[in-house]
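Engineer: See start07.cif below, with mmCIF, C-alpha atoms.
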data_model
loop_
_atom_site.group_PDB
_atom_site.id
_atom_site.type_symbol
_atom_site.label_atom_id
_atom_site.label_comp_id
_atom_site.auth_asym_id
_atom_site.auth_seq_id
_atom_site.Cartn_x
_atom_site.Cartn_y
_atom_site.Cartn_z
ATOM 1 C CA ARG Z 225 -15.614 -10.364 -2.325
ATOM 2 C CA ARG Z 226 -17.062 -7.122 -3.578
ATOM 3 C CA GLY Z 227 -16.731 -3.975 -1.582
ATOM 4 C CA LEU Z 228 -15.107 -0.600 -1.350
ATOM 5 C CA GLY Z 229 -11.656 -1.715 -2.477
ATOM 6 C CA LEU Z 230 -9.645 0.139 -5.082
ATOM 7 C CA GLU Z 231 -9.939 -2.303 -7.958
ATOM 8 C CA PHE Z 232 -12.841 -1.576 -10.332
ATOM 9 C CA HIS Z 233 -15.243 -4.489 -10.797
ATOM 10 C CA GLN Z 234 -18.305 -3.343 -12.761
ATOM 11 C CA LEU Z 235 -21.013 -0.752 -13.340
ATOM 12 C CA ARG Z 236 -24.499 -1.462 -12.064
ATOM 13 C CA GLU Z 237 -27.756 0.294 -11.302
ATOM 14 C CA PHE Z 238 -27.615 2.577 -8.286
ATOM 15 C CA ARG Z 239 -29.435 1.010 -5.317
ATOM 16 C CA GLU Z 240 -30.968 2.486 -2.204
ATOM 17 C CA GLY Z 241 -28.309 2.625 0.486
ATOM 18 C CA ASP Z 242 -25.401 3.113 -1.964
ATOM 19 C CA SER Z 243 -23.042 5.989 -1.271
ATOM 20 C CA LEU Z 244 -23.300 8.975 -3.598
ATOM 21 C CA ARG Z 245 -19.539 8.639 -4.079
ATOM 22 C CA GLN Z 246 -20.174 5.430 -6.031
ATOM 23 C CA ILE Z 247 -22.160 7.188 -8.767
ATOM 24 C CA ASP Z 248 -20.470 7.165 -12.171
ATOM 25 C CA TRP Z 249 -21.702 10.488 -13.498
ATOM 26 C CA LYS Z 250 -20.725 9.902 -17.153
ATOM 27 C CA ALA Z 251 -22.515 6.540 -17.269
ATOM 28 C CA THR Z 252 -25.483 8.098 -15.443
ATOM 29 C CA ALA Z 253 -25.706 10.828 -18.113
ATOM 30 C CA ARG Z 254 -25.574 8.249 -20.934
ATOM 31 C CA GLN Z 255 -28.141 5.891 -19.388
ATOM 32 C CA ARG Z 256 -30.317 8.651 -17.899
ATOM 33 C CA THR Z 257 -30.617 6.588 -14.737
ATOM 34 C CA PRO Z 258 -28.225 6.522 -11.767
ATOM 35 C CA ILE Z 259 -25.331 4.112 -12.341
ATOM 36 C CA ALA Z 260 -22.926 3.096 -9.573
ATOM 37 C CA ARG Z 261 -19.352 1.854 -9.750
ATOM 38 C CA GLU Z 262 -18.677 -1.376 -7.893
ATOM 39 C CA TYR Z 263 -15.209 -2.240 -6.621
ATOM 40 C CA GLN Z 264 -13.694 -5.426 -5.310
ATOM 41 C CA ASP Z 265 -11.179 -5.902 -2.565
ATOM 42 C CA GLU Z 266 -7.623 -6.176 -3.737
ATOM 43 C CA ARG Z 267 -6.170 -9.645 -3.333
ATOM 44 C CA ASP Z 268 -2.900 -11.381 -3.963
ATOM 45 C CA GLN Z 269 -0.755 -8.394 -3.047
ATOM 46 C CA GLN Z 270 2.992 -8.807 -2.719
ATOM 47 C CA ILE Z 271 4.179 -7.384 0.600
ATOM 48 C CA VAL Z 272 7.873 -6.968 1.394
ATOM 49 C CA PHE Z 273 9.123 -6.071 4.873
ATOM 50 C CA MET Z 274 12.553 -4.531 5.338
ATOM 51 C CA LEU Z 275 14.276 -4.607 8.713
ATOM 52 C CA ASP Z 276 17.060 -2.303 9.813
ATOM 53 C CA CYS Z 277 19.893 -4.476 11.138
ATOM 54 C CA GLY Z 278 22.109 -1.541 12.090
ATOM 55 C CA GLN Z 279 23.874 -0.960 15.377
ATOM 56 C CA HIS Z 280 21.054 1.173 16.824
ATOM 57 C CA MET Z 281 18.662 -1.760 16.534
ATOM 58 C CA ARG Z 282 20.793 -3.704 19.044
ATOM 59 C CA SER Z 283 19.897 -1.405 21.939
ATOM 60 C CA GLN Z 284 17.322 -2.715 24.376
ATOM 61 C CA ASP Z 285 14.226 -1.231 26.001
ATOM 62 C CA ASP Z 286 13.543 -4.239 28.187
ATOM 63 C CA GLU Z 287 14.387 -7.898 27.679
ATOM 64 C CA LEU Z 288 14.194 -7.572 23.890
ATOM 65 C CA SER Z 289 16.257 -5.458 21.514
ATOM 66 C CA HIS Z 290 14.713 -2.955 19.131
ATOM 67 C CA PHE Z 291 15.446 -5.455 16.356
ATOM 68 C CA ASP Z 292 13.525 -8.182 18.209
ATOM 69 C CA HIS Z 293 10.518 -5.868 18.608
ATOM 70 C CA ALA Z 294 10.642 -4.970 14.907
ATOM 71 C CA LEU Z 295 10.981 -8.642 13.939
ATOM 72 C CA ASN Z 296 7.984 -9.567 16.114
ATOM 73 C CA ALA Z 297 5.932 -6.831 14.428
ATOM 74 C CA CYS Z 298 6.940 -8.132 10.968
ATOM 75 C CA LEU Z 299 6.013 -11.684 11.926
ATOM 76 C CA LEU Z 300 2.601 -10.596 13.188
ATOM 77 C CA LEU Z 301 1.901 -8.511 10.076
ATOM 78 C CA SER Z 302 3.122 -11.381 7.879
ATOM 79 C CA TYR Z 303 0.731 -13.774 9.594
ATOM 80 C CA VAL Z 304 -2.209 -11.436 8.974
ATOM 81 C CA ALA Z 305 -1.216 -10.859 5.331
ATOM 82 C CA LEU Z 306 -0.780 -14.579 4.639
ATOM 83 C CA ARG Z 307 -4.197 -15.329 6.167
ATOM 84 C CA GLN Z 308 -5.667 -12.761 3.751
ATOM 85 C CA GLY Z 309 -4.072 -14.484 0.747
ATOM 86 C CA ASP Z 310 -1.189 -12.082 0.161
ATOM 87 C CA ALA Z 311 2.431 -13.020 -0.575
ATOM 88 C CA VAL Z 312 5.010 -11.926 2.006
ATOM 89 C CA GLY Z 313 8.763 -11.470 1.792
ATOM 90 C CA LEU Z 314 11.417 -10.237 4.194
#
What do you get writing this file as structure tokens?
Structural biologist:
Amino acid sequence: RRGLGLEFHQLREFREGDSLRQIDWKATARQRTPIAREYQDERDQQIVFMLDCGQHMRSQDDELSHFDHALNACLLLSYVALRQGDAVGL
């Protein structure tokens, strides 16, 4: 999928509706016509979550400990990352 990600994909002719930020000024000067940079979304990222298992994480706000809340957040973020095609570790 092409978009506004950080990974460079290609140069192409500037089109109506493109952001001025996409213009590659050096290529535009060489070609003497506006040239835009196109990026693609980054995929296949490796994401590692680290959980604090210290004594302070055992305290509780309600029925769950701070550790349980943090673990639930990691599980939810892991689910989203895996659905997007990224690798997840804990």
Engineer: Do a neighbour search on Leu300 in chain Z at 12 Å with all atoms listed in the file, toss out local chain neighbours closer than 6 positions, and write the hits as a list in words.
Structural biologist: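 Counting only the stated atoms, we get Phe273, His293, Ala294, Leu306, Arg307 and Val312 of chain Z.
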Engineer: List as number ranges by chain the protein and nucleic acid residues near Gly278 in chain Z, meaning an atom at most 12 Å away when only C-alpha atoms are counted, but skip any in the same chain fewer than 3 places from it.
Structural biologist: Z: 275, 281-283, 289-291
Engineer: Provide the CA of Thr257 in chain Z to CA of Arg236 in chain Z distance in Å, to one decimal place.
Structural biologist: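 So the answer is 10.5 Å.
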Engineer: Would you kindly return, as a list in words, each protein, DNA or RNA residue with an atom no farther than 9 Å from any atom of Val272 in chain Z, considering all atoms listed in the file and excluding same-chain residues fewer than 3 positions away?
Structural biologist: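 These residues fall inside the cut-off: Ala311, Val312, Gly313 and Leu314 of chain Z.
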Engineer: Kindly export the residues of the current selection with C-alpha atoms, as a compact mmCIF listing (two decimals), in the coordinates of the input.
Structural biologist:
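Okay, part.txt is ready:
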# COMPACT_ATOMS: atom_id res chain seq x y z
CA ALA Z 311 2.43 -13.02 -0.57
CA VAL Z 312 5.01 -11.93 2.01
CA GLY Z 313 8.76 -11.47 1.79
CA LEU Z 314 11.42 -10.24 4.19
Engineer: For range 238-245 of chain Z, work out the shell of residues within 9 Å, counting all atoms listed in the file and skipping chain neighbours fewer than 6 positions away, then give it as a list in words.
Structural biologist: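 Result of the neighbour search: Thr257, Pro258, Ile259, Ala260 and Arg261 of chain Z.
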Engineer: Quick one: apply the PyMOL selection byres ((chain Z and resi 232) around 6) to the file and drop the selected residues here as a list in words.
Structural biologist: Glu231, His233 and Tyr263 of chain Z
Engineer: For Gly309 in chain Z, find every residue with an atom within 10 Å (counting all atoms listed in the file), except residues of its own chain fewer than 3 positions away, and show them as a list of chain:residue names.
Structural biologist: Z:Arg267, Z:Asp268, Z:Gln269, Z:Gln270, Z:Val304, Z:Ala305, Z:Leu306, Z:Val312
Engineer: For Tyr303 in chain Z, which of Z:Ile271, Z:Trp249, Z:Gln279, Z:Leu288 is the closest residue, counting only C-alpha atoms?
Structural biologist: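 Distance minimum relative to Tyr303 in chain Z lands on Z:Ile271.
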Engineer: Here is a test: counting all atoms listed in the file, which residue of Z:Asp310, Z:Glu266, Z:Asp285, Z:Asp248 is nearest to Gln234 in chain Z?
Structural biologist: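 Counting all atoms listed in the file, the residue closest to Gln234 in chain Z is Z:Asp248.
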Engineer: Just give me the gap between CA of Glu287 in chain Z and CA of Leu299 in chain Z in Å, one decimal is fine.
Structural biologist: 18.2 Å
Engineer: CA of Glu237 in chain Z and CA of Lys250 in chain Z, how far apart in Å?
Structural biologist: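 Computing it gives 13.3 Å between the two atoms.
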